[in-house]
$ cat start.csv   # CSV, C-alpha atoms
chain,number,residue,atom,x,y,z
A,1,MET,CA,85.0,90.5,50.7
A,2,ARG,CA,82.0,92.4,49.3
A,3,LYS,CA,82.7,95.7,47.4
A,4,THR,CA,80.7,98.4,45.6
A,5,VAL,CA,80.6,98.3,41.8
A,6,ILE,CA,82.8,101.4,41.6
A,7,ALA,CA,85.5,99.9,43.9
A,8,LEU,CA,85.3,96.6,41.9
A,9,ALA,CA,85.9,98.4,38.7
A,10,VAL,CA,89.1,99.9,40.0
A,11,ALA,CA,90.2,96.5,41.3
A,12,GLY,CA,89.3,94.8,38.0
A,13,MET,CA,91.2,97.4,36.0
A,14,ALA,CA,94.3,96.9,38.2
A,15,ALA,CA,94.2,93.2,37.5
A,16,GLY,CA,93.8,93.8,33.8
A,17,PHE,CA,90.3,92.8,32.9
A,18,ALA,CA,86.9,94.5,32.5
A,19,VAL,CA,84.3,94.3,35.3
A,20,PRO,CA,80.6,93.9,34.6
A,21,ALA,CA,78.1,95.9,36.7
A,22,GLN,CA,77.0,93.2,39.2
A,23,ALA,CA,77.7,92.2,42.9
A,24,GLN,CA,81.1,90.5,43.1
A,25,THR,CA,83.5,89.0,45.5
A,26,VAL,CA,87.1,90.3,45.3
A,27,LEU,CA,89.9,88.1,46.5
A,28,THR,CA,93.2,89.8,47.1
A,29,MET,CA,96.5,88.2,45.9
A,30,SER,CA,100.0,88.9,47.1
A,31,ASN,CA,103.0,88.4,44.8
A,32,TRP,CA,106.5,88.7,46.2
A,33,VAL,CA,108.3,88.9,42.8
A,34,PRO,CA,108.4,91.9,40.5
A,35,PRO,CA,105.2,92.5,38.4
A,36,ALA,CA,107.0,91.6,35.2
A,37,HIS,CA,108.2,88.3,36.6
A,38,PRO,CA,106.9,85.2,34.6
A,39,ILE,CA,105.0,84.0,37.6
A,40,VAL,CA,102.9,87.1,37.6
A,41,LYS,CA,102.5,87.7,33.8
A,42,TYR,CA,102.4,84.1,32.5
A,43,ILE,CA,100.7,82.3,35.4
A,44,MET,CA,98.9,84.4,38.0
A,45,VAL,CA,97.3,87.0,35.7
A,46,PRO,CA,96.1,84.3,33.2
A,47,TRP,CA,94.7,82.3,36.1
A,48,ALA,CA,92.9,85.4,37.5
A,49,ASN,CA,91.4,86.0,34.1
A,50,ASP,CA,90.2,82.4,34.0
A,51,VAL,CA,88.6,82.8,37.4
A,52,ALA,CA,86.7,85.9,36.3
A,53,LYS,CA,85.6,84.1,33.1
A,54,VAL,CA,84.4,80.8,34.7
A,55,THR,CA,82.5,82.6,37.5
A,56,ASN,CA,80.9,85.0,35.0
A,57,GLY,CA,82.5,87.9,36.8
A,58,ARG,CA,81.2,87.0,40.3
A,59,VAL,CA,84.7,86.4,41.6
A,60,ARG,CA,87.6,88.7,40.9
A,61,ILE,CA,91.3,88.6,41.8
A,62,GLN,CA,92.9,91.8,42.9
A,63,MET,CA,96.7,91.9,42.6
A,64,LEU,CA,98.1,93.9,45.5
A,65,PRO,CA,100.8,96.5,44.6
A,66,LYS,CA,103.2,95.2,47.2
A,67,PRO,CA,103.7,91.8,48.9
A,68,VAL,CA,102.1,91.5,52.3
A,69,ALA,CA,105.0,89.6,53.9
A,70,ARG,CA,108.3,88.0,53.3
A,71,PRO,CA,108.3,85.0,50.9
A,72,ASN,CA,108.5,82.5,53.7
A,73,GLN,CA,105.6,84.2,55.6
A,74,HIS,CA,103.0,84.1,52.9
A,75,TYR,CA,101.5,80.8,54.0
A,76,ASP,CA,100.7,82.2,57.4
A,77,ALA,CA,99.4,85.4,55.8
A,78,VAL,CA,96.8,83.3,53.9
A,79,ILE,CA,95.9,81.4,57.1
A,80,ASN,CA,95.3,84.5,59.2
A,81,GLY,CA,93.5,86.4,56.5
A,82,GLN,CA,96.1,89.0,55.9
A,83,VAL,CA,95.7,88.2,52.2
A,84,ASP,CA,93.2,85.9,50.5
A,85,VAL,CA,95.3,84.2,47.8
A,86,ALA,CA,99.1,83.7,47.7
A,87,TRP,CA,101.8,81.3,46.7
A,88,SER,CA,105.4,80.6,47.7
A,89,THR,CA,108.2,78.1,47.6
A,90,TYR,CA,107.9,74.9,49.6
A,91,GLY,CA,111.6,74.8,50.1
A,92,TYR,CA,111.5,78.1,52.2
A,93,GLN,CA,109.8,76.0,55.0
A,94,PRO,CA,111.1,72.5,54.4
A,95,GLU,CA,110.0,70.9,57.7
A,96,ARG,CA,106.5,72.2,57.2
A,97,PHE,CA,106.1,70.9,53.7
A,98,GLN,CA,108.4,67.9,53.6
A,99,PRO,CA,106.4,65.6,51.3
A,100,TYR,CA,106.3,68.2,48.5
A,101,LEU,CA,110.0,68.5,48.4
A,102,ILE,CA,110.2,65.3,46.3
A,103,ALA,CA,109.6,67.5,43.3
A,104,GLU,CA,113.0,69.2,44.1
A,105,LEU,CA,115.0,66.1,43.6
A,106,PRO,CA,117.7,65.9,40.9
A,107,GLN,CA,117.1,64.6,37.4
A,108,LEU,CA,113.4,64.6,37.1
A,109,GLY,CA,111.5,65.8,34.1
A,110,ASP,CA,112.8,68.1,31.3
A,111,THR,CA,110.0,70.6,31.7
A,112,ALA,CA,108.1,72.3,34.4
A,113,VAL,CA,104.8,70.9,33.0
A,114,ASP,CA,106.1,67.3,33.6
A,115,ASN,CA,107.1,67.9,37.2
A,116,GLY,CA,104.2,70.2,38.2
A,117,VAL,CA,101.5,67.9,36.9
A,118,ALA,CA,103.2,64.9,38.4
A,119,LEU,CA,103.4,66.6,41.8
A,120,TRP,CA,99.6,67.5,41.7
A,121,ARG,CA,98.7,63.9,40.9
A,122,THR,CA,101.0,62.7,43.7
A,123,HIS,CA,99.4,65.2,46.1
A,124,LYS,CA,96.0,63.8,45.3
A,125,THR,CA,97.0,60.2,45.4
A,126,HIS,CA,99.5,60.0,48.3
A,127,ILE,CA,100.1,63.2,50.1
A,128,GLU,CA,96.7,65.0,50.6
A,129,LYS,CA,95.6,62.6,53.3
A,130,ALA,CA,98.4,63.8,55.6
A,131,GLY,CA,96.7,67.1,56.0
A,132,VAL,CA,99.7,69.3,55.4
A,133,HIS,CA,97.4,71.9,53.8
A,134,LYS,CA,94.5,71.5,56.2
A,135,ASP,CA,94.6,75.2,57.3
A,136,VAL,CA,94.1,76.6,53.8
A,137,HIS,CA,92.3,75.6,50.6
A,138,LEU,CA,95.0,74.4,48.2
A,139,LEU,CA,94.4,75.6,44.7
A,140,GLY,CA,97.4,74.0,43.1
A,141,VAL,CA,101.0,73.2,43.0
A,142,MET,CA,103.7,74.0,40.5
A,143,THR,CA,107.5,73.6,39.9
A,144,HIS,CA,109.9,75.7,37.9
A,145,GLY,CA,111.9,74.2,35.1
A,146,PRO,CA,115.2,72.2,35.6
A,147,GLY,CA,117.7,74.0,37.8
A,148,LEU,CA,121.2,74.7,36.5
A,149,MET,CA,124.5,75.9,38.1
A,150,HIS,CA,125.4,79.5,37.1
A,151,HIS,CA,128.8,80.9,38.0
A,152,SER,CA,130.5,84.3,37.6
A,153,LYS,CA,134.0,83.1,36.9
A,154,LYS,CA,134.1,79.5,35.6
A,155,PHE,CA,132.2,76.4,34.5
A,156,ILE,CA,131.3,73.9,37.3
A,157,LEU,CA,131.8,70.7,35.4
A,158,LYS,CA,133.1,68.2,38.0
A,159,PRO,CA,132.5,67.9,41.7
A,160,SER,CA,135.9,69.4,42.7
A,161,ASP,CA,135.0,72.6,40.8
A,162,LEU,CA,132.6,73.4,43.6
A,163,GLN,CA,135.2,73.3,46.3
A,164,GLY,CA,135.2,76.6,48.3
A,165,GLN,CA,132.7,78.3,45.9
A,166,LYS,CA,130.1,80.5,47.5
A,167,ILE,CA,126.7,79.5,45.9
A,168,ARG,CA,123.3,81.0,46.6
A,169,VAL,CA,120.7,78.3,47.0
A,170,GLY,CA,117.0,78.3,47.6
A,171,GLY,CA,116.1,74.8,49.0
A,172,ASP,CA,117.3,71.6,50.6
A,173,VAL,CA,118.5,69.9,47.5
A,174,PRO,CA,120.7,72.7,46.1
A,175,ARG,CA,122.0,73.1,49.6
A,176,ALA,CA,122.9,69.4,49.8
A,177,ILE,CA,124.6,69.5,46.4
A,178,VAL,CA,126.8,72.5,47.3
A,179,GLN,CA,127.7,71.2,50.8
A,180,THR,CA,128.4,67.6,49.5
A,181,PHE,CA,130.9,68.9,47.0
A,182,GLY,CA,132.7,71.3,49.3
A,183,GLY,CA,131.0,74.6,48.4
A,184,VAL,CA,129.8,77.3,50.7
A,185,VAL,CA,126.0,77.8,51.0
A,186,ILE,CA,124.6,81.3,50.7
A,187,THR,CA,120.9,81.6,51.6
A,188,GLN,CA,119.0,84.7,50.4
A,189,PRO,CA,115.5,85.1,48.9
A,190,ALA,CA,115.5,85.0,45.1
A,191,PRO,CA,114.7,88.7,44.7
A,192,LYS,CA,118.1,89.4,46.4
A,193,SER,CA,120.0,87.5,43.7
A,194,PHE,CA,121.4,90.6,41.9
A,195,GLU,CA,122.5,92.1,45.1
A,196,VAL,CA,124.4,89.1,46.4
A,197,LEU,CA,126.1,88.3,43.1
A,198,SER,CA,127.0,91.9,42.1
A,199,ALA,CA,128.5,92.5,45.6
A,200,GLY,CA,130.5,89.3,45.4
A,201,ILE,CA,128.7,87.8,48.4
A,202,ALA,CA,128.1,84.8,46.2
A,203,ASP,CA,130.3,83.4,43.3
A,204,GLY,CA,127.4,81.6,41.7
A,205,ILE,CA,123.8,80.7,42.0
A,206,MET,CA,121.5,77.7,41.3
A,207,PHE,CA,118.5,78.7,39.2
A,208,PRO,CA,116.4,77.7,36.1
A,209,THR,CA,117.4,79.7,33.0
A,210,GLU,CA,114.4,82.0,33.3
A,211,SER,CA,115.7,83.5,36.5
A,212,LEU,CA,118.8,85.0,34.8
A,213,LYS,CA,116.5,87.2,32.8
A,214,SER,CA,113.9,87.8,35.5
A,215,PHE,CA,116.4,88.9,38.1
A,216,LYS,CA,118.7,90.6,35.6
A,217,ILE,CA,121.8,88.5,36.4
A,218,ALA,CA,122.7,87.1,33.0
A,219,SER,CA,125.6,89.6,32.6
A,220,ILE,CA,127.0,88.5,36.0
A,221,VAL,CA,126.9,84.7,35.8
A,222,LYS,CA,128.0,83.8,32.2
A,223,TYR,CA,129.1,80.2,33.0
A,224,SER,CA,126.1,77.8,33.2
A,225,THR,CA,126.2,74.0,33.5
A,226,PHE,CA,123.4,71.4,33.6
A,227,VAL,CA,122.5,67.7,33.9
A,228,LYS,CA,119.5,66.2,32.1
A,229,GLY,CA,116.3,66.6,34.1
A,230,GLY,CA,118.0,69.4,36.2
A,231,LEU,CA,120.2,69.5,39.2
A,232,TYR,CA,117.1,70.3,41.2
A,233,SER,CA,113.7,72.0,40.8
A,234,SER,CA,111.7,74.2,43.2
A,235,SER,CA,108.1,73.3,44.1
A,236,PHE,CA,105.5,75.9,45.0
A,237,TRP,CA,102.1,75.9,46.8
A,238,PHE,CA,99.2,78.1,45.6
A,239,ALA,CA,96.4,78.6,48.1
A,240,VAL,CA,93.4,80.6,49.2
A,241,ASN,CA,92.2,81.4,52.7
A,242,LYS,CA,90.0,78.5,53.9
A,243,ASN,CA,87.1,80.6,55.2
A,244,LYS,CA,87.1,83.0,52.2
A,245,PHE,CA,86.8,80.0,49.9
A,246,ALA,CA,84.1,78.4,52.0
A,247,GLY,CA,82.2,81.7,51.8
A,248,LEU,CA,81.8,81.4,48.0
A,249,SER,CA,78.8,79.7,46.5
A,250,LYS,CA,79.3,76.0,45.6
A,251,ALA,CA,79.0,76.9,41.9
A,252,ASP,CA,81.8,79.4,42.2
A,253,GLN,CA,84.0,77.0,44.2
A,254,ASP,CA,83.5,74.3,41.6
A,255,ALA,CA,84.2,76.8,38.8
A,256,ILE,CA,87.4,78.0,40.4
A,257,MET,CA,88.7,74.5,40.9
A,258,LYS,CA,88.0,73.7,37.3
A,259,VAL,CA,90.8,76.2,36.4
A,260,SER,CA,92.9,75.1,39.3
A,261,GLY,CA,94.4,71.7,40.4
A,262,GLU,CA,95.9,69.9,37.4
A,263,LYS,CA,94.8,72.5,35.0
A,264,PHE,CA,96.7,75.1,37.0
A,265,ALA,CA,99.8,72.9,37.1
A,266,ARG,CA,99.7,72.8,33.3
A,267,LEU,CA,99.2,76.5,33.0
A,268,ALA,CA,102.0,77.2,35.4
A,269,GLY,CA,104.3,74.7,33.9
A,270,ALA,CA,103.8,76.2,30.4
A,271,GLY,CA,104.5,79.6,31.8
A,272,TRP,CA,107.7,78.5,33.4
A,273,ASP,CA,108.8,76.6,30.3
A,274,ARG,CA,108.2,79.7,28.1
A,275,ALA,CA,110.2,81.8,30.5
A,276,ASP,CA,113.1,79.3,30.5
A,277,LYS,CA,113.3,79.7,26.7
A,278,GLU,CA,113.4,83.4,27.1
A,279,GLY,CA,116.2,82.9,29.8
A,280,VAL,CA,118.3,80.9,27.3
A,281,VAL,CA,118.0,83.8,24.9
A,282,ALA,CA,119.1,86.3,27.6
A,283,ILE,CA,122.1,84.1,28.5
A,284,LYS,CA,123.3,84.1,24.9
A,285,GLU,CA,122.7,87.8,24.4
A,286,ALA,CA,124.8,88.5,27.5
A,287,GLY,CA,127.6,86.4,26.1
A,288,GLY,CA,127.0,83.4,28.4
A,289,GLN,CA,127.4,79.8,27.6
A,290,ILE,CA,125.7,76.6,28.7
A,291,LYS,CA,127.6,73.3,29.0
A,292,PRO,CA,126.7,69.8,30.3
A,293,MET,CA,128.3,68.6,33.5
A,294,SER,CA,130.8,65.7,33.3
A,295,ALA,CA,129.9,62.0,33.7
A,296,GLU,CA,131.9,62.2,37.0
A,297,PHE,CA,129.5,64.9,38.3
A,298,VAL,CA,126.5,62.9,37.3
A,299,ALA,CA,127.8,59.7,38.9
A,300,GLU,CA,128.3,61.5,42.2
A,301,LEU,CA,125.0,63.3,41.9
A,302,ASN,CA,123.3,59.9,41.5
A,303,LYS,CA,124.8,58.8,44.8
A,304,LEU,CA,123.5,61.9,46.5
A,305,THR,CA,120.1,61.5,45.0
A,306,GLU,CA,119.8,58.0,46.4
A,307,LYS,CA,120.7,59.3,49.9
A,308,LEU,CA,118.2,62.2,49.6
A,309,GLU,CA,115.4,59.8,48.6
A,310,LEU,CA,116.1,57.6,51.6
A,311,GLU,CA,116.0,60.6,53.9
A,312,TYR,CA,112.8,62.0,52.3
A,313,GLY,CA,111.2,58.6,52.3
A,314,ALA,CA,111.9,58.1,56.1
A,315,LYS,CA,110.4,61.5,56.9
A,316,MET,CA,107.3,60.8,55.0
A,317,ASP,CA,107.0,57.4,56.6
A,318,ALA,CA,107.0,59.2,60.0
A,319,MET,CA,104.0,61.2,58.7
A,320,GLY,CA,102.0,58.1,57.8
A,321,ILE,CA,102.9,58.4,54.1
A,322,ASP,CA,104.5,55.6,52.2
A,323,GLY,CA,107.7,57.4,51.4
A,324,LYS,CA,109.4,55.0,49.0
A,325,GLY,CA,106.1,54.3,47.2
A,326,THR,CA,105.3,58.0,46.9
A,327,ILE,CA,108.6,58.9,45.4
A,328,LYS,CA,108.3,55.9,43.0
A,329,PHE,CA,104.8,57.1,42.0
A,330,PHE,CA,106.0,60.7,41.5
A,331,ARG,CA,108.9,59.7,39.2
A,332,ALA,CA,106.5,57.4,37.2
A,333,GLU,CA,104.0,60.2,36.8
A,334,VAL,CA,106.8,62.6,35.6
A,335,ALA,CA,107.5,60.0,32.8
A,336,ARG,CA,103.7,59.6,32.1
A,337,VAL,CA,103.2,63.3,31.7
A,338,ALA,CA,106.2,63.6,29.5
A,339,ALA,CA,104.7,60.8,27.3
A,340,GLY,CA,101.5,62.8,27.0
A,341,LYS,CA,99.4,60.8,29.5

$ encode --input "start.csv" --output "structure tokens"
Amino acid sequence: MRKTVIALAVAGMAAGFAVPAQAQTVLTMSNWVPPAHPIVKYIMVPWANDVAKVTNGRVRIQMLPKPVARPNQHYDAVINGQVDVAWSTYGYQPERFQPYLIAELPQLGDTAVDNGVALWRTHKTHIEKAGVHKDVHLLGVMTHGPGLMHHSKKFILKPSDLQGQKIRVGGDVPRAIVQTFGGVVITQPAPKSFEVLSAGIADGIMFPTESLKSFKIASIVKYSTFVKGGLYSSSFWFAVNKNKFAGLSKADQDAIMKVSGEKFARLAGAGWDRADKEGVVAIKEAGGQIKPMSAEFVAELNKLTEKLELEYGAKMDAMGIDGKGTIKFFRAEVARVAAGK
């Protein structure tokens, strides 16, 4: 998308950086969370600044003031050129992105950096060949931090505590946990969290700690419980329109990928982890508490995890991917990243 220098200056200021007087390409980006959300301020804006820097101002990212579509429609919006760059949650379209849901399994890494970097390495080593992202140019992947259970009335410490409880979930693994232990699944996009909790539509929610601050729900759900490595995580794609990326010079393509891929996974993970720490502070300031789940819950969760890994592995096998080997590789990479490798 070629623009005049004046138009570019406006776009550049909106994105938060200065624009040199030269011909540029502006890539539009759609975000479906509030502008103050950690994804925007800790991840997307820093990445956009990196792109401007490494391309010497030849490529700029323009943050659109409103999302161009619903969260689960952003992938198609990138494909059809409705927007140039976007991201969203793999779990919002599980059948479409099945191999990447391995990063949502219980008890993985203790940080978003661990899981996100491991997922990118697994993508490059095992999943990329399946062509799941063939209609876009994949810039990166990321995960949020370990997911917890947050409730408005009580601590969920053992499996029976979930019986009959209405829990908002955002993916297959949280859904499986709630259903397995007798809860009622509530499915609404993350930005609707305050609405569904304050109206009593849901009794609780499964989220990383950052979300209690980001969606202003810390004062509603004051009873939080966790297991080491998280009850789940959520994984995300980050992509640019294929034709738009192909239209850039080879030098700019290479420059953008130098700040994307694994480097993006680390940037994003650090942003999520920073936000999780802020979320813990918000929980405490709201009078909330965080407790570990019981050994009984962990034992039952382990059984469910084994079942999910078999199911995910079989689905990947059907796609020509070694399911068991891919999951094993991913978990090993989580440990490697955690060890600083």

$ residues_around --input "start.csv" --residues "Lys291 (chain A)" --least-positions-apart "6" --cutoff "10 Å" --atoms "all atoms listed in the file" --output "ChimeraX atom specification"
/A:148-149,155-157,223-227

$ residues_around --input "start.csv" --residues "region 23-37 of chain A" --least-positions-apart "5" --cutoff "6 Å" --atoms "all atoms listed in the file" --output "ChimeraX atom specification"
/A:1-2,58-64,67,83-86,214

$ atom_distance --input "start.csv" --atom1 "CA of His137 (chain A)" --atom2 "CA of Val240 (chain A)"
5.3 Å

$ residues_around --input "start.csv" --residues "Phe207 (chain A)" --least-positions-apart "6" --cutoff "9 Å" --atoms "only C-alpha atoms" --output "short mmCIF file (atom, residue, chain, number, x, y, z; two decimals) with C-alpha atoms, in the coordinates of the input"
data_model
loop_
_atom_site.label_atom_id
_atom_site.label_comp_id
_atom_site.auth_asym_id
_atom_site.auth_seq_id
_atom_site.Cartn_x
_atom_site.Cartn_y
_atom_site.Cartn_z
CA GLY A 145 111.90 74.20 35.10
CA PRO A 146 115.20 72.20 35.60
CA GLY A 147 117.70 74.00 37.80
CA LEU A 148 121.20 74.70 36.50
CA MET A 149 124.50 75.90 38.10
CA HIS A 150 125.40 79.50 37.10
CA VAL A 169 120.70 78.30 47.00
CA GLY A 170 117.00 78.30 47.60
CA TYR A 232 117.10 70.30 41.20
CA SER A 233 113.70 72.00 40.80
#

$ atom_distance --input "start.csv" --atom1 "CA of His74 (chain A)" --atom2 "CA of Arg331 (chain A)"
28.6 Å

$ residues_near_point --input "start.csv" --point "(104.0, 56.7, 44.9)" --cutoff "12 Å" --atoms "all atoms listed in the file" --output "PyMOL selection string"
chain A and resi 99+102+118-119+121-127+313+316+321-334

$ residues_near_point --input "start.csv" --point "(134.6, 68.8, 46.1)" --cutoff "12 Å" --atoms "all atoms listed in the file" --output "list in words"
Ile156, Leu157, Lys158, Pro159, Ser160, Asp161, Leu162, Gln163, Gly164, Gln165, Ile177, Val178, Gln179, Thr180, Phe181, Gly182, Gly183, Val184, Glu296, Phe297, Glu300 and Leu301 of chain A

$ atom_distance --input "start.csv" --atom1 "CA of Ala112 (chain A)" --atom2 "CA of Trp272 (chain A)"
6.3 Å

$ closest_residue --input "start.csv" --among "A:Val185, A:Val132, A:Met142, A:Ala314" --to "Leu267 (chain A)" --atoms "all atoms listed in the file"
A:Met142

$ residues_around --input "start.csv" --residues "Phe264 (chain A)" --least-positions-apart "6" --cutoff "10 Å" --atoms "all atoms listed in the file" --output "list in words"
Ile43, Met44, Pro46, Trp47, Val113, Gly116, Val117, Trp120, Leu139, Gly140, Val141, Met142, Phe238, Met257, Lys258 and Ala270 of chain A

$ write_last_selection --input "start.csv" --atoms "C-alpha atoms" --output "short mmCIF file (atom, residue, chain, number, x, y, z; two decimals), in the frame of the given file"
data_model
loop_
_atom_site.label_atom_id
_atom_site.label_comp_id
_atom_site.auth_asym_id
_atom_site.auth_seq_id
_atom_site.Cartn_x
_atom_site.Cartn_y
_atom_site.Cartn_z
CA ILE A 43 100.70 82.30 35.40
CA MET A 44 98.90 84.40 38.00
CA PRO A 46 96.10 84.30 33.20
CA TRP A 47 94.70 82.30 36.10
CA VAL A 113 104.80 70.90 33.00
CA GLY A 116 104.20 70.20 38.20
CA VAL A 117 101.50 67.90 36.90
CA TRP A 120 99.60 67.50 41.70
CA LEU A 139 94.40 75.60 44.70
CA GLY A 140 97.40 74.00 43.10
CA VAL A 141 101.00 73.20 43.00
CA MET A 142 103.70 74.00 40.50
CA PHE A 238 99.20 78.10 45.60
CA MET A 257 88.70 74.50 40.90
CA LYS A 258 88.00 73.70 37.30
CA ALA A 270 103.80 76.20 30.40
#

$ residues_around --input "start.csv" --residues "Thr111 (chain A)" --least-positions-apart "3" --cutoff "8 Å" --atoms "only C-alpha atoms" --output "number ranges by chain"
A: 114-115, 145-146, 229, 269, 273

$ closest_residue --input "start.csv" --among "A:Lys250, A:Pro71, A:Ile283, A:Val54" --to "Gln188 (chain A)" --atoms "all atoms listed in the file"
A:Pro71

$ closest_residue --input "start.csv" --among "A:Ile167, A:Ile220, A:Ala286, A:Val136" --to "Ile201 (chain A)" --atoms "only C-alpha atoms"
A:Ile167

$ closest_residue --input "start.csv" --among "A:Gly91, A:Gly320, A:Pro191, A:Gly340" --to "Phe236 (chain A)" --atoms "only C-alpha atoms"
A:Gly91

$ closest_residue --input "start.csv" --among "A:Ile256, A:Val337, A:Lys129, A:Ser219" --to "Lys284 (chain A)" --atoms "only C-alpha atoms"
A:Ser219

$ decode --input "start.csv" --residues "region 295-307 of chain A" --atoms "N, CA and C atoms" --output "PDB file, in the first residue's frame"
ATOM      1  N   ALA A 295      -3.814 -32.316  45.310  1.00  0.00           N
ATOM      2  CA  ALA A 295      -3.158 -33.440  44.636  1.00  0.00           C
ATOM      3  C   ALA A 295      -4.193 -34.289  43.901  1.00  0.00           C
ATOM      4  N   GLU A 296      -5.400 -34.339  44.436  1.00  0.00           N
ATOM      5  CA  GLU A 296      -6.478 -35.081  43.790  1.00  0.00           C
ATOM      6  C   GLU A 296      -6.818 -34.477  42.426  1.00  0.00           C
ATOM      7  N   PHE A 297      -6.888 -33.149  42.380  1.00  0.00           N
ATOM      8  CA  PHE A 297      -7.191 -32.476  41.113  1.00  0.00           C
ATOM      9  C   PHE A 297      -6.070 -32.731  40.105  1.00  0.00           C
ATOM     10  N   VAL A 298      -4.823 -32.605  40.548  1.00  0.00           N
ATOM     11  CA  VAL A 298      -3.680 -32.805  39.663  1.00  0.00           C
ATOM     12  C   VAL A 298      -3.677 -34.221  39.097  1.00  0.00           C
ATOM     13  N   ALA A 299      -3.991 -35.213  39.938  1.00  0.00           N
ATOM     14  CA  ALA A 299      -4.006 -36.610  39.487  1.00  0.00           C
ATOM     15  C   ALA A 299      -5.060 -36.824  38.410  1.00  0.00           C
ATOM     16  N   GLU A 300      -6.234 -36.251  38.602  1.00  0.00           N
ATOM     17  CA  GLU A 300      -7.296 -36.383  37.600  1.00  0.00           C
ATOM     18  C   GLU A 300      -6.962 -35.589  36.342  1.00  0.00           C
ATOM     19  N   LEU A 301      -6.300 -34.453  36.519  1.00  0.00           N
ATOM     20  CA  LEU A 301      -5.884 -33.652  35.371  1.00  0.00           C
ATOM     21  C   LEU A 301      -4.855 -34.404  34.532  1.00  0.00           C
ATOM     22  N   ASN A 302      -3.958 -35.144  35.182  1.00  0.00           N
ATOM     23  CA  ASN A 302      -2.966 -35.945  34.460  1.00  0.00           C
ATOM     24  C   ASN A 302      -3.639 -36.983  33.568  1.00  0.00           C
ATOM     25  N   LYS A 303      -4.709 -37.592  34.064  1.00  0.00           N
ATOM     26  CA  LYS A 303      -5.443 -38.579  33.271  1.00  0.00           C
ATOM     27  C   LYS A 303      -6.071 -37.918  32.048  1.00  0.00           C
ATOM     28  N   LEU A 304      -6.640 -36.742  32.253  1.00  0.00           N
ATOM     29  CA  LEU A 304      -7.257 -36.016  31.144  1.00  0.00           C
ATOM     30  C   LEU A 304      -6.203 -35.595  30.123  1.00  0.00           C
ATOM     31  N   THR A 305      -5.037 -35.180  30.606  1.00  0.00           N
ATOM     32  CA  THR A 305      -3.960 -34.759  29.709  1.00  0.00           C
ATOM     33  C   THR A 305      -3.523 -35.915  28.804  1.00  0.00           C
ATOM     34  N   GLU A 306      -3.391 -37.111  29.370  1.00  0.00           N
ATOM     35  CA  GLU A 306      -3.025 -38.288  28.579  1.00  0.00           C
ATOM     36  C   GLU A 306      -4.060 -38.538  27.478  1.00  0.00           C
ATOM     37  N   LYS A 307      -5.318 -38.396  27.818  1.00  0.00           N
ATOM     38  CA  LYS A 307      -6.398 -38.597  26.848  1.00  0.00           C
ATOM     39  C   LYS A 307      -6.329 -37.546  25.744  1.00  0.00           C
TER      40      LYS A 307
END
